[in-house]
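See below for the structure under consideration.
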Amino acid sequence: MRRMALDLPLLLLPGVGFLVLTFGLPLYWAITGSLGLGADGTGFTLMHLADIFLETKFRKGLMMSLYYAIAPTVLTLFVAIPLAMLLQKSFPGRKLFNGLYKIPLAIPSIVAAFMVLTLIEQGGFMDRVLVHIGLSMPKIVRDQFGIGVILSTLWKDIPFMTLIIAGAFGAIPKDMVPAARSLGASRTRAFLMVELPLAMPGVTAATLLCFVKSIGNFAAPSLLGPAYPLPLSIQMYDAYREGDWIAIYSMGTVLIIVSFIVLGAYYALTARTLQHMKREG
Amino acid sequence: MQRYHSIFLSLLALVCLLFMLVLPIGIILLWSVSNGWFPPNLSPGDYTSRHWAMFLSDPTLTPAIVNSLVITVIVTASSMVIAMPTAWALARFDFRLKKIIEIFILAPLIVPGMVVAVGLGRVFLKLDLAYSMEGVILVQIAGVLPLTIRILSGGFESIPGDIINAARTLGAHRFAIIRYILLPLSIPAMLAAGLLSFVGSFEEFERTLIIGAPIVHTLTTRLFVNLSGQGLVIPVAAVVSLILLLPVLVVFLLTSRIMRDDVMAAGMGKL
Amino acid sequence: MQLKCLAASAAVIAAMTGAAHAADVTGPAFGDTFNVTDTSVDLSQLTRENFYDVLVPLAKKDGEMTFYSYWPPAPLVVFQNQIIPAFEKKYGIKVHFNSVETNVGLPQLDAAYKEGKPSPMDGYFSSDLPADLNEMANIRLTDILPNAADLDPSLAYEYRGIEHNGAYVPFHGNQTVIAFNSAFVKGDEVPQTFEDLLAYSKANPGKVAITSPLRGGSGSGFLTAVSHKLMSDDCVAKWMDLSADEAAADKLVNNSECFAPVWAYFNDLLETAQITNGNTDTLNLMANGVANVGTAWEDLTFSYVMGNQLPDTVRVTILNGGQPGGAEGAFIPSNTANLAAALLFMDEILAPEHQAWKLAGFASRSPKTELDASLIPAEAQKLLVPADIYEEGRISNANPVMSRVVRDAFAANVLDK
Amino acid sequence: MPALKNELDVLDISKHYSGVEALSPTSLSVANGEFVTILGPSGCGKSTLLRMITGITLPSGGHILLQGRDITRLPPEKRDIAIVFQSYALFPHMSVRNNILFGLKMKKLGKQEQLRRFEHVVTICGLGDLVSRYPKQLSGGQQQRVALARALVMQPALLLLDEPLSNLDAKLRESLRDDLLALHRSTGSTTLYVTHDQSEAMSMSDRIIVMDKGRVVESGRPRDLYLKPQKRFTALFFGHTNLVPVEAEGTLATLPWGSVLPLDQAARGKGEISLRPECISVFPDAAGDAVVRQVTFMGPDIFYDLQIGNHCLKSRQGSNGVPLEVGARVNVHIEGIATLLEQTGSASVSAGAAPESPSLEGDR
């Protein structure tokens with residue numbers, strides 16, 4: 001026991017210490033900077049933060065950031081869960097598919113956005129194919145709903161989420177479904193009442209990860225999104241180019257707050273179910 | 001009936017792969033050698049290697065590739081070394097602040113890289129780390145560390161405690177346990193974490209740009225200008241995309257043969 | 001040879017007698033004091049005449065320098081393939097060249113300056129200037145560079161509404177234009193006025209692409225052009241007042257009726273025209289045959305057509321009333337570590353042979369009065385704005401504060417609708 | 001047609017996976033209220049058989065009838081069969097209460113009926129204080145009882161138990177074995193029990209079906225299988241035995257050292273018989289033809305390893321007498337009637353397949 005008391009801080013030190021220095025400190029500066037403290041500051045004020053909610057372009061930008069994060073995440077869920085189920089089954093070529101479907105994970109998101117652009121833009125490849133059968137592509141690039149952005153985010157998110165959820169399904173003890181079936185649950189009900197709840201930790205974690213990956217998404221909205229409103233990620237980059245540190249810190253702080261609220265909600269929601277499933281009980 | 005079913009699934013998977021992977025990559029391949037490709041043509045009317053030649057003869061490309069590889073490898077290796085003890089502590093010990101520490105470790109995934117990089121950039125200037133490889137490596141490690149810790153600790157959790165006890169009773173000391181028991185058993189987790197770090201570091205853009213560019217360019221920051229809305233010339237962007245695609249794809253395909261999905265999924269799947 | 005002797009003696013005389021005179025008339029720095037951190041060069045003694053004699057030995061001692069360039073494809077090649085090799089050969093000074101996305105070097109410069117560190121670049125060809133010129137770039141380059149003697153005076157001291165007093169050496173002349181595909185837009189359909197453009201858009205919904213002023217220069221140029229044409233003279237005068245501050249800008253833009261016709265025009269136009277994410281986005285739409293008319297940069301359109309990324313039926317014009325043009329340039333940060341080399345390089349970029357090379361190859365118009373578009377091969381001439389329109393068509397910009405306020409107001413009054 | 005009194009009839013059912021036979025055509029039946037055990041080493045096909053009976057896997061051939069109804073192709077939820085898995089397969093995200101109620105809810109039983117059955121099963125399984133706990137908060141034995149309760153509450157036509165005791169420690173296993181039997185008697189449920197533990201099988205079953213390598217070796221009452229196995233495999237699988245070569249002549253068998261035993265059936269030629277250690281008595285005799293080579297004290301019993309001629313014999317005696325010393329000469333007396341083992345079929349028993357140590361423990 002005495003050894004553990006000594007070991008633990010030593011073991012935690014490299015990872016946690018590194019993150020405190022390279023992440024905790026910048027975070028602290030960002031938050032103090034947004035409050036008007038710190039190097040560029042003019043004294044404590046909440047105005048910079050309030051601006052994000054008061055100024056139209058920031059407020060709409062925040063909404064847009066949330067939209068670009070939530071919409072694809074929700075849509076991804078609907079595709080990734082069936083896909084993860086599919087991967088539990090055996091069919092000819094499953095191995096190949098299992099190897100290849102993850103490729104988008106390795107493709108930089110800006111390349112992904114570019115590929116989506118060449119495919120689905122008006123006058124892009126799909127459009128040219130459709131022209132030959134007398135149809136034309138609807139406007140889904142630069143459209144007000146950001147469909148192009150969402151498609152390109154989906155392209156990267158679906159394999160990511162499928163991987164995690166397939167892992168979660170794969171980890172369910174093999175007798176669970178037969179047990180439910182023998183107790184009278186149909187295939188669907190066994191899925192809804194046993195498999196899905198058991199895979200839920202994986203599903204929620206995947207959802208959270210997709211959400212946080214998308215909320216900072218820069219490339220796709222920049223290439224495929226509507227010209228207005230611009231999500232905070234792009235506005236931050238613009239502010240950086242203009243050397244507007246305060247704006248970066250304020251937008252950053254708001255994004256941090258939003259993300260932490262989501263993270264907090266996630267833990268609050270999952271804490272109870274997780275607790276029962278934990279080994280220690 | 002069963003047979004019918006599985007053939008349908010195969011077809012579906014095949015169509016998905018064709019449409020989602022082969023088609024987009026094929027099209028940018030065509031674009032990269034196109035010399036004028038206007039609608040309604042389904043293939044370029046004329047071909048040229050000009051766009052490739054322009055890039056491959058660019059003297060700044062080689063240093064960027066070298067930087068990318070060096071940085072990516074160092075980031076992957078160091079994040080592994082840094083993550084290992086912490087991941088072990090999180091996997092094996094129960095302590096009061098565990099939840100807090102877990103959340104803190106996850107947080108860098110959530111906070112936009114720009115915020116971190118801008119803050120660090122100022123300090124790095126003071127420390128003469130700005131525009132240096134060291135600086136870029138440090139800031140990138142901060143980005144890949146959370147997932148590395150998660151996946152490794154997931155892997156460590158799955159090592160039965162009895163194995164270690166058994167090794168102890170057989171006279172293994174701490175170092176021997178690590179060397180002969182823990183390392184071999186955590187190879188799948190290390191592989192999964194390493195792959196994710198590799199990809200993450202390679203495609204990292206915001207932090208590298210702010211801390212390193214333009215003195216230290218990686219392939220990604222070097223080529224970003226050709227892909228951003230400001231400078232997007234499609235054939236050039238196509239060449240750039242393929243150049244960016246190649247290294248990660250090669251690494252990915254190589255490792256995916258020996259990589260275990262469940263390990264990667266397990267690490268990320270329980271936050 | 002003889003000429004060189006002459007120049008040298010002139011320099012000596014100038015150095016002996018002309019110091020006081022130079023400070024009065026063509027003082028090298030626009031601040032009263034120099035705050036360059038590299039004191040190896042005595043800027044107060046530097047003139048066009050003694051330029052090379054003083055600098056070449058000092059620059060050779062520097063031995064190397066770093067130059068940043070922002071991206072437009074043509075100037076990149078011009079630096080990489082033309083100017084830098086020539087410069088390195090001539091002086092034996094190594095140039096570390098970095099291409100950066102638009103102006104990301106500026107925050108780096110700003111950060112380095114605040115930390116008291118040397119600037120990451122010794123010269124920077126950027127589309128924007130540091131905010132605080134007095135502190136960060138205050139050398140009157142256009143008055144001391146020998147190759148700057150024949151600069152177009154309208155470009156030598158002012159850029160996009162910023163009075164820089166010569167700290168920003170114009171390098172690459174550009175012009176915002178309306179590009180159109182002459183295969184589809186024929187004869188009298190070609191818009192000549194803003195009304196024409198509106199009418200064409202209404203008749204051909206979706207066929208006009210307007211770059212978002214938030215995302216690209218051709219868009220903000222178009223916004224400037226519309227404002228210039230549609231606002232009353234009184235409003236235009238207030239708007240173009242280069243000394244306008246935040247309050248004045250806010251008053252004019254948000255609390256007067258001046259911009260009402262501008263917003264009305266855009267709101268009308270954008271009912272049928274589409275707004276794009278950048279200069280190249282607009283051109284790509286035209287290449288895809290989705291748009292027939294779009295806002296663009298003259299040189300970018302030129303290089304697109306020359307590179308087969310746009311059909312060779314695309315032409316450019318300037319609408320009646322003028323569209324903004326100017327010359328992007330380069331500056332030397334006050335915290336450069338290699339001042340002498342940087343000064344020499346700034347001079348090099350204005351050398352007539354380089355300027356002619358890029359003009360002929362990339363329609364990158366020269367700010368030097370002696371070089372005009374006639375250097376461009378005849379078959380490429382058709383891709384430029386016709387000379388008669390060009391001469392009258394160039395208008396200048398409001399100052400940056402004003403431009404930003406107008407841009408935000410555009411977002412609120414047009415894009416947000 | 002099968003007789004209708006049988007609850008379960010399995011007719012020539014078989015399974016092969018991509019050409020590899022996991023189960024040869026197998027038939028068996030379980031009568032109403034009967035407790036039948038399938039016994040065999042791991043990998044003998046018993047789990048496959050069980051999974052087909054529950055409907056988790058579909059058979060490659062043959063039929064399964066439950067109460068005379070063909071259920072071969074019915075999905076698991078439509079069969080009136082409940083199963084207790086070796087892993088218990090308790091739903092970790094549900095409390096004990098919800099685990100038990102799960103099947104009743106699936107069957108959409110009335111609330112009253114649900115409650116009645118729930119309380120009954122909670123009582124008989126002794127789960128009173130545990131109902132609001134979660135599976136991970138229970139001990140192994142408690143989990144096992146919950147799994148059993150979850151199955152029993154369905155009042156299934158057939159209850160399947162798949163090695164339900166194998167994850168428990170020895171002491172618990174024994175007490176739960178008794179509980180299981182008591183439950184079986186009180187509910188009268190028709191039960192098919194799968195195990196690899198012969199002592200479990202013998203102590204609980206009305207009938208045992210011995211399986212090996214994907215086929216049934218033999219079946220019968222525990223006592224018959226133990227004392228009069230027909231197959232070498234059965235003889236070896238049930239505890240300790242002495243396999244002794246004999247010469248049969250009529251109803252007499254001559255052992256290698258000259259002793260003669262009666263046979264239950266007339267036969268002729270060379271053969272092999274199984275002699276249980278407890279059928280071999282030893283008496284100290286300085287002129288005896290056997291020598292004690294090893295003495296193993298087992299508490300209630302003593303095992304003597306004897307050498308007679310060049311054969312070894314294991315004998316089991318009560319430990320209340322005066323123990324013999326190693327090296328003592330003894331006389332051997334063999335009781336009972338021997339059965340010649342069939343040499344065909346699954347007679348080849350690999351050394352590892354006979355579970356020696358559990359049998360010693362279980363035979364006390």
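The chains in the structure tokens are called A, B, ... from first to last as shown; in each chain the residues are counted from 1, and the ligands are counted from 1 in the order shown.
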Select, as number ranges by chain, those residues of chain C with any atom no more than 8 Å from chain A (distances computed using only C-alpha atoms). C: 103-107, 110, 212, 214-215, 275-277, 285, 288-290, 411-412, 415-416
Distance-based interface of chain A with chain D, 6 Å, counting only C-alpha atoms, as a tab-separated table (two decimals) with C-alpha atoms, in the first residue's frame:
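Dumped everything to selection-v8.tsv:
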chain	number	residue	atom	x	y	z
A	175	ASP	CA	-24.68	-16.04	-24.85
A	176	MET	CA	-26.55	-12.79	-24.26
A	181	ARG	CA	-34.17	-15.19	-27.58
A	182	SER	CA	-34.82	-18.29	-25.47
A	183	LEU	CA	-36.73	-16.12	-23.04
A	184	GLY	CA	-39.07	-15.17	-25.83
A	185	ALA	CA	-37.53	-12.02	-27.29
A	186	SER	CA	-37.70	-11.70	-31.04
A	277	MET	CA	-21.76	-2.70	-15.42
A	281	GLY	CA	-19.81	-3.04	-8.43
Report, in Å with one decimal, the straight-line distance from CA of His196 in chain D to CA of Arg221 in chain D.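 Separation of CA of His196 in chain D and CA of Arg221 in chain D: 16.5 Å.
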Near Ser78 in chain B, counting only C-alpha atoms, which residues have an atom at most 10 Å away, once you skip same-chain residues fewer than 5 positions from it, shown as a PyMOL selection string? chain B and resi 72-73+83-84+137-138+141+145
Taking only range 114-345 of chain C into account, list the residues labelled alpha helix (DSSP H) by DSSP (computed from the backbone), as a PyMOL selection string. chain C and resi 114+133-136+141-144+153-156+194-203+217-230+233-239+246-254+260-269+279-287+298-306+339-345
For those residues, write C-alpha atoms to a file as a PDB file, in the first residue's frame.
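Ended up saving to selection.pdb:
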ATOM      1  CA  LYS C 114       5.877  41.426 -28.814  1.00  0.00           C
ATOM      2  CA  LEU C 133       3.262  50.221 -39.334  1.00  0.00           C
ATOM      3  CA  ASN C 134       4.996  52.789 -37.167  1.00  0.00           C
ATOM      4  CA  GLU C 135       6.334  50.031 -35.027  1.00  0.00           C
ATOM      5  CA  MET C 136       6.651  47.071 -37.292  1.00  0.00           C
ATOM      6  CA  LEU C 141      11.610  51.697 -49.182  1.00  0.00           C
ATOM      7  CA  THR C 142      10.095  53.241 -52.270  1.00  0.00           C
ATOM      8  CA  ASP C 143      12.246  56.306 -51.707  1.00  0.00           C
ATOM      9  CA  ILE C 144      15.554  54.514 -51.382  1.00  0.00           C
ATOM     10  CA  PRO C 153       3.074  57.233 -57.884  1.00  0.00           C
ATOM     11  CA  SER C 154      -0.474  56.137 -57.136  1.00  0.00           C
ATOM     12  CA  LEU C 155       0.861  52.815 -55.922  1.00  0.00           C
ATOM     13  CA  ALA C 156       3.995  53.954 -54.139  1.00  0.00           C
ATOM     14  CA  PHE C 194     -24.037  47.003 -62.580  1.00  0.00           C
ATOM     15  CA  GLU C 195     -27.570  47.134 -63.935  1.00  0.00           C
ATOM     16  CA  ASP C 196     -26.522  44.922 -66.823  1.00  0.00           C
ATOM     17  CA  LEU C 197     -25.111  42.398 -64.413  1.00  0.00           C
ATOM     18  CA  LEU C 198     -28.298  42.410 -62.358  1.00  0.00           C
ATOM     19  CA  ALA C 199     -30.394  42.029 -65.470  1.00  0.00           C
ATOM     20  CA  TYR C 200     -28.267  39.140 -66.730  1.00  0.00           C
ATOM     21  CA  SER C 201     -28.544  37.395 -63.400  1.00  0.00           C
ATOM     22  CA  LYS C 202     -32.312  37.789 -63.337  1.00  0.00           C
ATOM     23  CA  ALA C 203     -32.527  36.406 -66.858  1.00  0.00           C
ATOM     24  CA  GLY C 217     -10.579  39.699 -52.501  1.00  0.00           C
ATOM     25  CA  SER C 218     -12.546  39.658 -55.723  1.00  0.00           C
ATOM     26  CA  GLY C 219     -15.680  39.690 -53.569  1.00  0.00           C
ATOM     27  CA  SER C 220     -14.682  42.570 -51.363  1.00  0.00           C
ATOM     28  CA  GLY C 221     -13.470  44.356 -54.502  1.00  0.00           C
ATOM     29  CA  PHE C 222     -16.868  43.934 -56.024  1.00  0.00           C
ATOM     30  CA  LEU C 223     -18.482  45.249 -52.860  1.00  0.00           C
ATOM     31  CA  THR C 224     -16.205  48.279 -53.078  1.00  0.00           C
ATOM     32  CA  ALA C 225     -17.074  48.780 -56.731  1.00  0.00           C
ATOM     33  CA  VAL C 226     -20.799  48.634 -56.052  1.00  0.00           C
ATOM     34  CA  SER C 227     -20.453  51.059 -53.157  1.00  0.00           C
ATOM     35  CA  HIS C 228     -18.375  53.400 -55.254  1.00  0.00           C
ATOM     36  CA  LYS C 229     -20.931  53.466 -58.000  1.00  0.00           C
ATOM     37  CA  LEU C 230     -24.174  53.510 -56.077  1.00  0.00           C
ATOM     38  CA  ASP C 233     -20.641  61.595 -53.712  1.00  0.00           C
ATOM     39  CA  ASP C 234     -20.888  62.817 -50.166  1.00  0.00           C
ATOM     40  CA  CYS C 235     -21.074  59.308 -48.828  1.00  0.00           C
ATOM     41  CA  VAL C 236     -18.226  58.160 -51.071  1.00  0.00           C
ATOM     42  CA  ALA C 237     -16.051  60.966 -49.764  1.00  0.00           C
ATOM     43  CA  LYS C 238     -16.681  60.002 -46.144  1.00  0.00           C
ATOM     44  CA  TRP C 239     -16.204  56.371 -46.987  1.00  0.00           C
ATOM     45  CA  GLU C 246     -13.858  52.827 -35.932  1.00  0.00           C
ATOM     46  CA  ALA C 247     -16.413  55.343 -34.687  1.00  0.00           C
ATOM     47  CA  ALA C 248     -16.565  57.231 -37.955  1.00  0.00           C
ATOM     48  CA  ALA C 249     -16.865  53.997 -39.887  1.00  0.00           C
ATOM     49  CA  ASP C 250     -19.628  52.757 -37.621  1.00  0.00           C
ATOM     50  CA  LYS C 251     -21.479  56.033 -37.978  1.00  0.00           C
ATOM     51  CA  LEU C 252     -21.254  55.996 -41.748  1.00  0.00           C
ATOM     52  CA  VAL C 253     -21.983  52.339 -42.303  1.00  0.00           C
ATOM     53  CA  ASN C 254     -24.443  51.463 -39.593  1.00  0.00           C
ATOM     54  CA  ALA C 260     -28.813  51.432 -48.241  1.00  0.00           C
ATOM     55  CA  PRO C 261     -28.624  51.353 -52.061  1.00  0.00           C
ATOM     56  CA  VAL C 262     -25.612  49.022 -51.856  1.00  0.00           C
ATOM     57  CA  TRP C 263     -27.429  46.496 -49.658  1.00  0.00           C
ATOM     58  CA  ALA C 264     -30.504  46.828 -51.832  1.00  0.00           C
ATOM     59  CA  TYR C 265     -28.462  46.051 -54.932  1.00  0.00           C
ATOM     60  CA  PHE C 266     -26.867  43.001 -53.382  1.00  0.00           C
ATOM     61  CA  ASN C 267     -30.087  41.699 -51.958  1.00  0.00           C
ATOM     62  CA  ASP C 268     -31.602  42.017 -55.370  1.00  0.00           C
ATOM     63  CA  LEU C 269     -28.636  40.419 -57.091  1.00  0.00           C
ATOM     64  CA  ASN C 279     -11.798  33.565 -55.701  1.00  0.00           C
ATOM     65  CA  THR C 280     -10.908  30.129 -56.951  1.00  0.00           C
ATOM     66  CA  ASP C 281     -14.291  28.767 -55.971  1.00  0.00           C
ATOM     67  CA  THR C 282     -15.910  31.259 -58.344  1.00  0.00           C
ATOM     68  CA  LEU C 283     -13.551  30.322 -61.152  1.00  0.00           C
ATOM     69  CA  ASN C 284     -14.085  26.598 -60.556  1.00  0.00           C
ATOM     70  CA  LEU C 285     -17.815  27.159 -60.885  1.00  0.00           C
ATOM     71  CA  MET C 286     -17.207  28.873 -64.191  1.00  0.00           C
ATOM     72  CA  ALA C 287     -14.986  26.009 -65.285  1.00  0.00           C
ATOM     73  CA  GLU C 298      -7.610  39.502 -63.676  1.00  0.00           C
ATOM     74  CA  ASP C 299      -4.312  37.690 -63.173  1.00  0.00           C
ATOM     75  CA  LEU C 300      -5.878  34.632 -61.556  1.00  0.00           C
ATOM     76  CA  THR C 301      -8.325  34.265 -64.419  1.00  0.00           C
ATOM     77  CA  PHE C 302      -5.446  34.655 -66.853  1.00  0.00           C
ATOM     78  CA  SER C 303      -3.422  31.884 -65.288  1.00  0.00           C
ATOM     79  CA  TYR C 304      -6.510  29.640 -65.080  1.00  0.00           C
ATOM     80  CA  VAL C 305      -7.137  29.992 -68.787  1.00  0.00           C
ATOM     81  CA  MET C 306      -3.466  29.577 -69.640  1.00  0.00           C
ATOM     82  CA  LEU C 339      18.469  44.244 -42.928  1.00  0.00           C
ATOM     83  CA  ALA C 340      21.071  44.757 -45.637  1.00  0.00           C
ATOM     84  CA  ALA C 341      20.202  41.567 -47.490  1.00  0.00           C
ATOM     85  CA  ALA C 342      16.523  42.316 -47.163  1.00  0.00           C
ATOM     86  CA  LEU C 343      16.975  45.784 -48.646  1.00  0.00           C
ATOM     87  CA  LEU C 344      18.904  44.376 -51.585  1.00  0.00           C
ATOM     88  CA  PHE C 345      16.253  41.759 -52.188  1.00  0.00           C
TER      89      PHE C 345
END
Could you give me, as a list in words, the residues within 10 Å of Pro63 in chain B, counting only C-alpha atoms and dropping anything in the same chain fewer than 4 positions from it? Pro59, Asn67, Ser68, Leu69, Val216, His217, Thr218, Leu219 and Arg222 of chain B
Work out how far CA of Leu253 in chain B is from CA of Ala53 in chain B, in Å to one decimal.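 Calculated distance between CA of Ala53 in chain B and CA of Leu253 in chain B is 26.9 Å.
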Using only C-alpha atoms, which residue out of B:Val136, B:Ile163, B:Leu232, B:Leu29 lies closest to Phe202 in chain B?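 Of B:Val136, B:Ile163, B:Leu232, B:Leu29, the one nearest Phe202 in chain B, counting only C-alpha atoms, is B:Val136.
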What's around Phe297 in chain D at 10 Å? Count only C-alpha atoms, leave out sequence neighbours fewer than 3 positions away in its own chain, and write the answer as a tab-separated table (two decimals) with C-alpha atoms, in the first residue's frame.
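Result file is out04.tsv:
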chain	number	residue	atom	x	y	z
D	294	GLN	CA	1.14	-47.89	-3.03
D	300	PRO	CA	-13.43	-42.49	4.01
D	301	ASP	CA	-11.54	-44.76	1.67
D	302	ILE	CA	-8.07	-46.12	1.11
D	303	PHE	CA	-6.78	-46.85	-2.36
D	304	TYR	CA	-4.35	-49.69	-2.79
D	316	ARG	CA	-10.72	-49.33	-2.81
D	317	GLN	CA	-11.41	-50.23	0.79
D	318	GLY	CA	-13.16	-48.59	3.67
D	319	SER	CA	-10.66	-46.82	5.90
D	323	PRO	CA	-4.40	-50.37	6.90
Quick one: residues within 8 Å of Leu195 in chain B, only C-alpha atoms counted, chain neighbours fewer than 5 positions away excluded, as number ranges by chain? B: 251-252, 255
Report as a PyMOL selection string the set of chain C residues whose atoms approach chain B to within 6 Å, with distances computed over only C-alpha atoms. chain C and resi 98+101+278+280+288+308-309
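Proximity of B:Leu120, B:Met264, B:Ala107, B:Leu196 to Ala111 in chain C, computed with only C-alpha atoms, is greatest for B:Leu120.
Here CA of Ser153 in chain B and CA of Leu90 in chain B stand 6.4 Å from one another.
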For the contact check between range 142-218 of chain B and range 190-212 of chain A, emit one row per residue of range 142-218 of chain B within 12 Å, containing the shortest atom pair and the distance in Å rounded to one decimal, counting only C-alpha atoms, chain then rising number order, as JSON lines.
{"residue": "B:Pro146", "atom": "CA", "partner": "A:Leu209", "partner_atom": "CA", "distance": 11.7}
{"residue": "B:Leu147", "atom": "CA", "partner": "A:Leu209", "partner_atom": "CA", "distance": 10.4}
{"residue": "B:Arg150", "atom": "CA", "partner": "A:Ala205", "partner_atom": "CA", "distance": 11.9}
Extract, using only C-alpha atoms, all DNA, RNA and protein residues at most 8 Å from Asp206 in chain D, discarding same-chain residues fewer than 3 positions from it, and format them as a ChimeraX atom specification. /D:34-37,221-222
Keeping N, CA and C atoms for every residue in the selection just given, could you write it to a file as a PDB file, in the first residue's frame?
ATOM      1  N   GLU D  34     -38.721 -35.891 -16.565  1.00  0.00           N
ATOM      2  CA  GLU D  34     -37.461 -36.624 -16.423  1.00  0.00           C
ATOM      3  C   GLU D  34     -36.288 -35.652 -16.312  1.00  0.00           C
ATOM      4  N   PHE D  35     -35.264 -36.109 -15.599  1.00  0.00           N
ATOM      5  CA  PHE D  35     -34.023 -35.337 -15.508  1.00  0.00           C
ATOM      6  C   PHE D  35     -32.960 -36.126 -16.267  1.00  0.00           C
ATOM      7  N   VAL D  36     -32.637 -35.641 -17.456  1.00  0.00           N
ATOM      8  CA  VAL D  36     -31.688 -36.368 -18.295  1.00  0.00           C
ATOM      9  C   VAL D  36     -30.410 -35.560 -18.419  1.00  0.00           C
ATOM     10  N   THR D  37     -29.284 -36.250 -18.329  1.00  0.00           N
ATOM     11  CA  THR D  37     -28.013 -35.547 -18.432  1.00  0.00           C
ATOM     12  C   THR D  37     -27.271 -36.005 -19.672  1.00  0.00           C
ATOM     13  N   ARG D 221     -29.366 -45.678 -17.042  1.00  0.00           N
ATOM     14  CA  ARG D 221     -29.439 -45.185 -15.671  1.00  0.00           C
ATOM     15  C   ARG D 221     -28.030 -45.060 -15.128  1.00  0.00           C
ATOM     16  N   PRO D 222     -27.790 -44.149 -14.218  1.00  0.00           N
ATOM     17  CA  PRO D 222     -26.438 -43.915 -13.724  1.00  0.00           C
ATOM     18  C   PRO D 222     -25.789 -45.187 -13.193  1.00  0.00           C
TER      19      PRO D 222
END
